[in-house]
Amino acid sequence: MSLQLSVRDVTKRFKTGEGVTGISLDVTKGELVTLLGPSGCGKTTVLRSIGGFLKPDSGDILIEGRSVVALPPEKRPTSMVFQSYNLWPHMTVYENLAFGLKIRKLPKAQIREAVADALRLVQLPNSEKKLPGQLSGGQQQRVALARSLLLKPAVLLLDEPFSALDAKLRQEMREELREIQTQTGLTMVFVTHDQEEALALSDRIVVMNHGHIEQAAAPRHIYDRPSTLFVARFIGKMNFLEGVVEGSGIRVGPFVLPNEDRIEGETLVGVRPEDVILKAAEAGEGMKGLIKQIMVLGHYAEISVELEGGGTVRSFQPKDAVRELTAGQQVAVAFTKSIAYPKIGDN
Amino acid sequence: MSKGQGRKQAILGLIMVSPSFLLLLIVVVLPIAQSFVVSLREESGGIGLGRYAYLFEDKGMRDNLIFTLRITLVSCALVLAVSYAMALYMRFSDGRLVDWIRRTYMIPLFIPGVIATYGLMNLLGNHGWLSRFLLVFGIELPRIIFDQKGIIIANLWFNIPFATMLLSSAMAGIPASVIESARDVGAGKLAIFFRVIFPLSFKTFLVALTFVFMGVIGSFTAPFLLGPNAPQMLGVSMEQIFGVFREREQAAALAFFTFLLCSALGYFYIRSMAQEEASRS
Ligand SMILES: Nc1ncnc2c1ncn2[C@@H]1O[C@H](COP(=O)(O)OP(=O)(O)OP(=O)(O)O)[C@@H](O)[C@H]1O
Ligand SMILES: [Mg+2]
C-alpha cells in the first residue's frame, strides 16, 4: 500500500495559545481515517491544515510524496466537504458542480457527463437545474459531496459533514459514503465527534484530545484495547472500578484481574458492559449487588447493578435473558474481560 | 379560509398600507402630476409638449442635459469603483490601515453639505491651499473649482461613504466559508471575484448605483457653488429658470423630465429584483 497522505509533526498554535501539537499521521491510498475527539480538541485545525486553509507553525504535510505546506488551497490536490454545506447560493446545482471543472478547462461535453455521473453517485439524478435553496439539508450535503468527488482529489477531507442532519439521514449518508469509498477508492480523512459514526465508518480511527493524538488504530482495536484512560472513556460505554495492585494482578473485590501493563499503585479497571456477567446471588462467587434498573433498548437490555461495596456496574444482556431478572433482586457480578489503567490525578 | 375572513383580511391590509400610501400620494405623486400639468401650458397659451421640445431644441439646454448626464455617469462610475474597492479591501484584509479606514470612512456623512463644499473651495480653489502648496514645487494646479472636476470631486465626497457602507454590508453577508469552498475547488482570486463575490453582491451594487445616480442627477448645492456658469447641471438650471427667468412652466418641464430619467433607472432596478424573485419561486 502506497502512502497517500503523510502529516509529519505538525504544530499549529493560535494567538490564544490553543491549537494542535506534534500531530503525525500516515494515511495509505484508499484508506478512510477518522479524526475523533471532543469539541475543541483540534480536529478541524488538523483538517484545515491539510486542506491549506491554515498554515502550520512547524512540521510538514506530504501528499503522494510531495510537500504541500507551501501551496494555497486552490493549488492542493485536496478537496474539502464542509460542515455547513457551502454551496454557492446563486448557482444552480449544475453550476456548483461544474465550477471546479470549468476552472480546469475541461470540454463542455465532458463536464456535462461528469456532473451527471456524480449526481447519480450521490443519488440525486436530474437535479441539475435546482438552486441550493430549493434542496433539503441532506440533499445539499450530497451535492457538496458530489462537488468534491468530481474533482477526483488525492485526498478528500470531510469536516463533520453529516452533523447537521437528523439521525436517520446521518446513518444513510454514512452508508452511502462507505459505498462511494469502495466504488471510487478515494483516500479520505473524516472528522467527527461522534464515536459511533467513527466506529461504523473508519478503516482507522485517530482519537484526539487537547491538541494531540491519544491513539490511532483500527476501530476494533480501539474498542477492545483503548490505550489510555481518555480513549477508554471516550469510545463506547465502559464501567470503571477501583483496583489495587496485588502481586502480579490487580484486586477488584473478590477478583484478581491480570495486570498486563505492569501498572503500579492505584488503578482503575475498565470493563465493557457486554463483558459483565450476571449470576444468581446463590452461586456464591462474584461481587454481590442489587439490580437497580432494567432498560430494554431494542434487541438488548441495559441492567444497572448497585454493588455492595459501593459503585454501579452496567451490563448488557440479550433481551430474552432479562426475563427472569427484576429490579431489587440480588445478583453476583463477574467479568470476562477487563483492562487496567493507572489512576492519575482526579481521573 | 372562508370568503368572509378573506375579505376582512384584505380590508385590514388596505387599512394598514393606507397611511404610507397617502404619504406617497401627497409627497410624491401629486407634486409630480402637478408639475406635469403645469409643464403642458405652452408659451402661446395652448396645451402641448412645447416646453419639452425646448429642452432639446435650445442649444444651452441641450448642453446642460449632456453635461448633467456626463457628470452623473462619471460620478457613478468613480463612486462605485472606489466604494467597491474599499468594501472589498475592508472585508478581506486586516491590519492597522484597515482598522483606520473602517473607523473614519463615514465621517463625510456627518459634515453638512454646504460646509464641505466651502471646504473644497478653500482646498482646491484657484488660490486655495493645494495650489499654494503645489506652487512651492513649481506645479500649477489646473482649474478645479468652477469646473466639472469640482462637481465630480464633491460628488465623490458626498456619495462614497454611503455607497461604501451599503457595499460593506453586502460583503459582510458573504460567508467566508463560501469563498473557502471556491478556493478549495481551485478558483483563483479573479474567478472568486467574478463568479462568487460580484454575483452575491450584485443586488446591493444596483441599490448603491440607484442611490448615487439619483443623488447626483438631482444635486444642487455642489454644482451651484462649485460648477461653471455654463453649461450647468439640471438642478442649477432649474433654479435659474424658476428664480431668475421666472418661467414656472419650463422649470416644471425640466423637473418632470429629470423624474423620467430617474424612473428609467428605477425600472431597471425593479426589473432585476423581479427576476430574482421569479427565479427563487
Ligand atoms: N481561528 C482561530 N483562532 C483562535 N483559536 C482558534 C481558531 N480556530 C480554532 N481555535 C481554537 O483551537 C482549538 C481547536 O479548534 P478546532 O476547531 O480544531 O476544534 P474541533 O476539534 O474541530 O472542535 P469541534 O468538534 O467543536 O469542531 C479550540 O480550542 C479553538 O478554540
Ligand atoms: Mg471542528
# chains A, B, ... in the order shown; residues from 1 in each chain; ligands from 1
call {"tool": "residues_near_ligand", "arguments": {"ligand": "ligand 2", "cutoff": "7 Å", "atoms": "only C-alpha atoms and all ligand atoms", "output": "ChimeraX atom specification"}}
result
/A:39-40,43-44,159
call {"tool": "residues_near_ligand", "arguments": {"ligand": "ligand 1", "cutoff": "8 Å", "atoms": "only C-alpha atoms and all ligand atoms", "output": "number ranges by chain"}}
result
A: 13-20, 37-47, 159-160, 191-193, 210-211
call {"tool": "residues_around", "arguments": {"residues": "region 169-182 of chain B", "least_positions_apart": "6", "cutoff": "10 Å", "atoms": "only C-alpha atoms", "output": "PyMOL selection string"}}
result
(chain A and resi 53+73-74+79-89+96+99-100+144+147-148) or (chain B and resi 84+87-88+90-92+188-189+191-193+195-198+200-205)
call {"tool": "select_by_dssp", "arguments": {"residues": "region 159-246 of chain A", "states": "strand (DSSP E or B)", "output": "PyMOL selection string"}}
result
chain A and resi 159+188-192+204-209+212-217+239-246
call {"tool": "interface_residues", "arguments": {"of": "chain B", "to": "chain A", "cutoff": "6 Å", "atoms": "only C-alpha atoms", "output": "list in words"}}
result
Val178, Arg183, Asp184, Val185 and Gly186 of chain B
call {"tool": "write_last_selection", "arguments": {"atoms": "all heavy atoms", "output": "mmCIF file, in the first residue's frame"}}
result
data_model
loop_
_atom_site.group_PDB
_atom_site.id
_atom_site.type_symbol
_atom_site.label_atom_id
_atom_site.label_comp_id
_atom_site.auth_asym_id
_atom_site.auth_seq_id
_atom_site.Cartn_x
_atom_site.Cartn_y
_atom_site.Cartn_z
ATOM 1 N N VAL B 178 -18.104 30.249 2.013
ATOM 2 C CA VAL B 178 -18.474 30.186 0.601
ATOM 3 C C VAL B 178 -17.250 30.496 -0.277
ATOM 4 O O VAL B 178 -17.047 29.899 -1.326
ATOM 5 C CB VAL B 178 -19.626 31.181 0.338
ATOM 6 C CG1 VAL B 178 -19.712 31.530 -1.117
ATOM 7 C CG2 VAL B 178 -20.940 30.596 0.815
ATOM 8 N N ARG B 183 -12.130 28.480 -3.241
ATOM 9 C CA ARG B 183 -10.684 28.259 -3.322
ATOM 10 C C ARG B 183 -10.396 26.767 -3.352
ATOM 11 O O ARG B 183 -9.492 26.306 -4.031
ATOM 12 C CB ARG B 183 -9.986 28.859 -2.104
ATOM 13 C CG ARG B 183 -10.057 30.349 -2.033
ATOM 14 C CD ARG B 183 -9.222 30.870 -0.894
ATOM 15 N NE ARG B 183 -7.796 30.703 -1.156
ATOM 16 C CZ ARG B 183 -6.843 30.986 -0.283
ATOM 17 N NH1 ARG B 183 -7.162 31.431 0.902
ATOM 18 N NH2 ARG B 183 -5.579 30.805 -0.586
ATOM 19 N N ASP B 184 -11.197 26.032 -2.590
ATOM 20 C CA ASP B 184 -10.972 24.595 -2.492
ATOM 21 C C ASP B 184 -11.104 23.891 -3.832
ATOM 22 O O ASP B 184 -10.358 22.965 -4.121
ATOM 23 C CB ASP B 184 -11.968 24.004 -1.486
ATOM 24 C CG ASP B 184 -11.635 22.578 -1.141
ATOM 25 O OD1 ASP B 184 -10.543 22.356 -0.612
ATOM 26 O OD2 ASP B 184 -12.463 21.696 -1.440
ATOM 27 N N VAL B 185 -12.040 24.332 -4.671
ATOM 28 C CA VAL B 185 -12.171 23.681 -5.978
ATOM 29 C C VAL B 185 -11.188 24.256 -6.989
ATOM 30 O O VAL B 185 -11.187 23.863 -8.141
ATOM 31 C CB VAL B 185 -13.605 23.757 -6.566
ATOM 32 C CG1 VAL B 185 -14.609 23.145 -5.628
ATOM 33 C CG2 VAL B 185 -13.985 25.175 -6.925
ATOM 34 N N GLY B 186 -10.368 25.212 -6.557
ATOM 35 C CA GLY B 186 -9.276 25.653 -7.421
ATOM 36 C C GLY B 186 -9.432 27.042 -8.002
ATOM 37 O O GLY B 186 -8.683 27.431 -8.887
#
call {"tool": "closest_residue", "arguments": {"among": "B:Val38, B:Leu234, B:Met165, B:Leu124", "to": "Gly60 (chain B)", "atoms": "only C-alpha atoms"}}
result
B:Leu234
call {"tool": "residues_around", "arguments": {"residues": "Lys319 (chain A)", "least_positions_apart": "6", "cutoff": "6 Å", "atoms": "only C-alpha atoms", "output": "PyMOL selection string"}}
result
chain A and resi 299-301
call {"tool": "residues_around", "arguments": {"residues": "region 152-160 of chain B", "least_positions_apart": "4", "cutoff": "6 Å", "atoms": "only C-alpha atoms", "output": "CSV table (one decimal) with N, CA and C atoms, in the first residue's frame"}}
result
chain,number,residue,atom,x,y,z
B,75,SER,N,-19.5,60.3,-12.3
B,75,SER,CA,-19.5,60.2,-10.8
B,75,SER,C,-19.9,58.8,-10.4
B,79,VAL,N,-17.6,56.7,-8.1
B,79,VAL,CA,-18.0,56.4,-6.7
B,79,VAL,C,-18.1,54.9,-6.5
B,83,SER,N,-15.9,52.8,-4.0
B,83,SER,CA,-16.6,52.2,-2.9
B,83,SER,C,-16.4,50.7,-2.9
B,164,THR,N,-20.1,53.0,0.1
B,164,THR,CA,-19.2,52.0,0.8
B,164,THR,C,-19.9,51.3,1.9
call {"tool": "residues_around", "arguments": {"residues": "Ser127 (chain A)", "least_positions_apart": "4", "cutoff": "8 Å", "atoms": "only C-alpha atoms", "output": "ChimeraX atom specification"}}
result
/A:93-94,119
call {"tool": "residues_around", "arguments": {"residues": "Asn259 (chain A)", "least_positions_apart": "3", "cutoff": "12 Å", "atoms": "only C-alpha atoms", "output": "list in words"}}
result
Gly243, Val244, Val245, Glu246, Gly247, Ser248, Gly249, Ile250, Arg251, Val252, Val256, Arg262, Ile263, Glu264, Gly265, Thr267, Leu268, Val269, Lys337, Ser338, Ile339, Ala340, Tyr341 and Pro342 of chain A
call {"tool": "select_by_dssp", "arguments": {"residues": "region 77-131 of chain A", "states": "alpha helix (DSSP H)", "output": "ChimeraX atom specification"}}
result
/A:93-103,108-121
call {"tool": "closest_residue", "arguments": {"among": "A:Leu124, A:Val206, A:Met238, A:Leu149", "to": "Ile180 (chain A)", "atoms": "only C-alpha atoms"}}
result
A:Leu149
call {"tool": "decode", "arguments": {"residues": "region 3-51 of chain A", "atoms": "N, CA and C atoms", "output": "compact mmCIF listing (two decimals), in the first residue's frame"}}
result
# COMPACT_ATOMS: atom_id res chain seq x y z
N LEU A 3 1.78 5.23 0.38
CA LEU A 3 1.41 6.30 1.28
C LEU A 3 0.80 7.45 0.50
N GLN A 4 -0.43 7.84 0.85
CA GLN A 4 -1.10 8.90 0.11
C GLN A 4 -0.94 10.25 0.79
N LEU A 5 -1.10 10.21 2.10
CA LEU A 5 -1.01 11.45 2.87
C LEU A 5 -0.11 11.21 4.08
N SER A 6 0.77 12.14 4.32
CA SER A 6 1.65 11.99 5.46
C SER A 6 1.75 13.33 6.19
N VAL A 7 1.26 13.34 7.41
CA VAL A 7 1.35 14.54 8.23
C VAL A 7 2.50 14.32 9.20
N ARG A 8 3.49 15.19 9.18
CA ARG A 8 4.69 14.96 9.97
C ARG A 8 4.91 16.04 11.01
N ASP A 9 4.65 15.67 12.24
CA ASP A 9 4.98 16.51 13.38
C ASP A 9 4.45 17.94 13.20
N VAL A 10 3.18 18.04 12.84
CA VAL A 10 2.61 19.36 12.59
C VAL A 10 2.16 20.01 13.90
N THR A 11 2.57 21.25 14.06
CA THR A 11 2.13 22.04 15.21
C THR A 11 1.51 23.32 14.70
N LYS A 12 0.36 23.66 15.25
CA LYS A 12 -0.28 24.93 14.90
C LYS A 12 -0.87 25.50 16.18
N ARG A 13 -0.36 26.65 16.56
CA ARG A 13 -0.89 27.30 17.76
C ARG A 13 -1.50 28.63 17.36
N PHE A 14 -2.73 28.87 17.81
CA PHE A 14 -3.35 30.16 17.53
C PHE A 14 -2.84 31.18 18.52
N LYS A 15 -3.20 32.44 18.26
CA LYS A 15 -2.76 33.52 19.16
C LYS A 15 -3.23 33.26 20.58
N THR A 16 -4.38 32.59 20.69
CA THR A 16 -4.94 32.35 22.02
C THR A 16 -4.18 31.26 22.77
N GLY A 17 -3.23 30.60 22.11
CA GLY A 17 -2.46 29.54 22.76
C GLY A 17 -3.05 28.16 22.50
N GLU A 18 -4.30 28.13 21.97
CA GLU A 18 -4.88 26.83 21.67
C GLU A 18 -4.42 26.34 20.31
N GLY A 19 -4.68 25.08 20.02
CA GLY A 19 -4.27 24.53 18.74
C GLY A 19 -3.87 23.08 18.86
N VAL A 20 -2.99 22.62 17.97
CA VAL A 20 -2.55 21.23 18.00
C VAL A 20 -1.03 21.17 18.05
N THR A 21 -0.51 20.09 18.63
CA THR A 21 0.93 19.95 18.79
C THR A 21 1.38 18.57 18.35
N GLY A 22 2.46 18.53 17.59
CA GLY A 22 3.13 17.28 17.25
C GLY A 22 2.22 16.23 16.64
N ILE A 23 1.41 16.64 15.65
CA ILE A 23 0.50 15.68 15.02
C ILE A 23 1.23 14.95 13.89
N SER A 24 1.30 13.63 13.99
CA SER A 24 1.87 12.82 12.91
C SER A 24 0.87 11.76 12.52
N LEU A 25 0.70 11.58 11.23
CA LEU A 25 -0.36 10.69 10.77
C LEU A 25 -0.05 10.26 9.34
N ASP A 26 -0.08 8.95 9.10
CA ASP A 26 0.11 8.45 7.75
C ASP A 26 -1.18 7.80 7.27
N VAL A 27 -1.58 8.13 6.07
CA VAL A 27 -2.80 7.54 5.50
C VAL A 27 -2.42 6.88 4.19
N THR A 28 -2.75 5.59 4.05
CA THR A 28 -2.42 4.90 2.80
C THR A 28 -3.52 5.12 1.79
N LYS A 29 -3.19 4.82 0.54
CA LYS A 29 -4.12 5.03 -0.56
C LYS A 29 -5.40 4.23 -0.34
N GLY A 30 -6.53 4.88 -0.51
CA GLY A 30 -7.81 4.20 -0.39
C GLY A 30 -8.30 4.00 1.03
N GLU A 31 -7.57 4.55 1.98
CA GLU A 31 -7.96 4.36 3.38
C GLU A 31 -8.92 5.46 3.82
N LEU A 32 -9.82 5.11 4.74
CA LEU A 32 -10.69 6.12 5.33
C LEU A 32 -10.33 6.25 6.80
N VAL A 33 -9.73 7.38 7.13
CA VAL A 33 -9.28 7.60 8.50
C VAL A 33 -10.17 8.66 9.13
N THR A 34 -10.63 8.41 10.35
CA THR A 34 -11.41 9.46 11.03
C THR A 34 -10.58 10.09 12.12
N LEU A 35 -10.74 11.39 12.26
CA LEU A 35 -10.22 12.11 13.41
C LEU A 35 -11.39 12.26 14.37
N LEU A 36 -11.21 11.69 15.56
CA LEU A 36 -12.32 11.66 16.52
C LEU A 36 -11.86 12.32 17.81
N GLY A 37 -12.73 13.09 18.41
CA GLY A 37 -12.36 13.69 19.68
C GLY A 37 -13.42 14.67 20.11
N PRO A 38 -13.35 15.09 21.36
CA PRO A 38 -14.36 16.02 21.87
C PRO A 38 -14.22 17.38 21.21
N SER A 39 -15.24 18.20 21.37
CA SER A 39 -15.25 19.53 20.76
C SER A 39 -14.05 20.35 21.25
N GLY A 40 -13.39 21.00 20.32
CA GLY A 40 -12.27 21.86 20.67
C GLY A 40 -10.93 21.15 20.78
N CYS A 41 -10.88 19.85 20.42
CA CYS A 41 -9.63 19.13 20.58
C CYS A 41 -8.66 19.36 19.43
N GLY A 42 -9.13 20.00 18.36
CA GLY A 42 -8.20 20.34 17.28
C GLY A 42 -8.40 19.56 15.99
N LYS A 43 -9.51 18.86 15.85
CA LYS A 43 -9.75 18.07 14.63
C LYS A 43 -9.81 18.96 13.40
N THR A 44 -10.63 20.01 13.50
CA THR A 44 -10.76 20.91 12.36
C THR A 44 -9.43 21.58 12.03
N THR A 45 -8.68 21.91 13.06
CA THR A 45 -7.37 22.54 12.84
C THR A 45 -6.47 21.64 12.00
N VAL A 46 -6.45 20.34 12.32
CA VAL A 46 -5.63 19.41 11.55
C VAL A 46 -6.15 19.33 10.10
N LEU A 47 -7.46 19.22 9.97
CA LEU A 47 -8.04 19.05 8.63
C LEU A 47 -7.80 20.30 7.77
N ARG A 48 -7.98 21.47 8.38
CA ARG A 48 -7.78 22.70 7.62
C ARG A 48 -6.31 22.92 7.27
N SER A 49 -5.43 22.39 8.10
CA SER A 49 -4.01 22.46 7.76
C SER A 49 -3.72 21.60 6.54
N ILE A 50 -4.35 20.43 6.48
CA ILE A 50 -4.14 19.55 5.32
C ILE A 50 -4.72 20.21 4.07
N GLY A 51 -5.88 20.85 4.21
CA GLY A 51 -6.53 21.47 3.06
C GLY A 51 -5.89 22.77 2.63
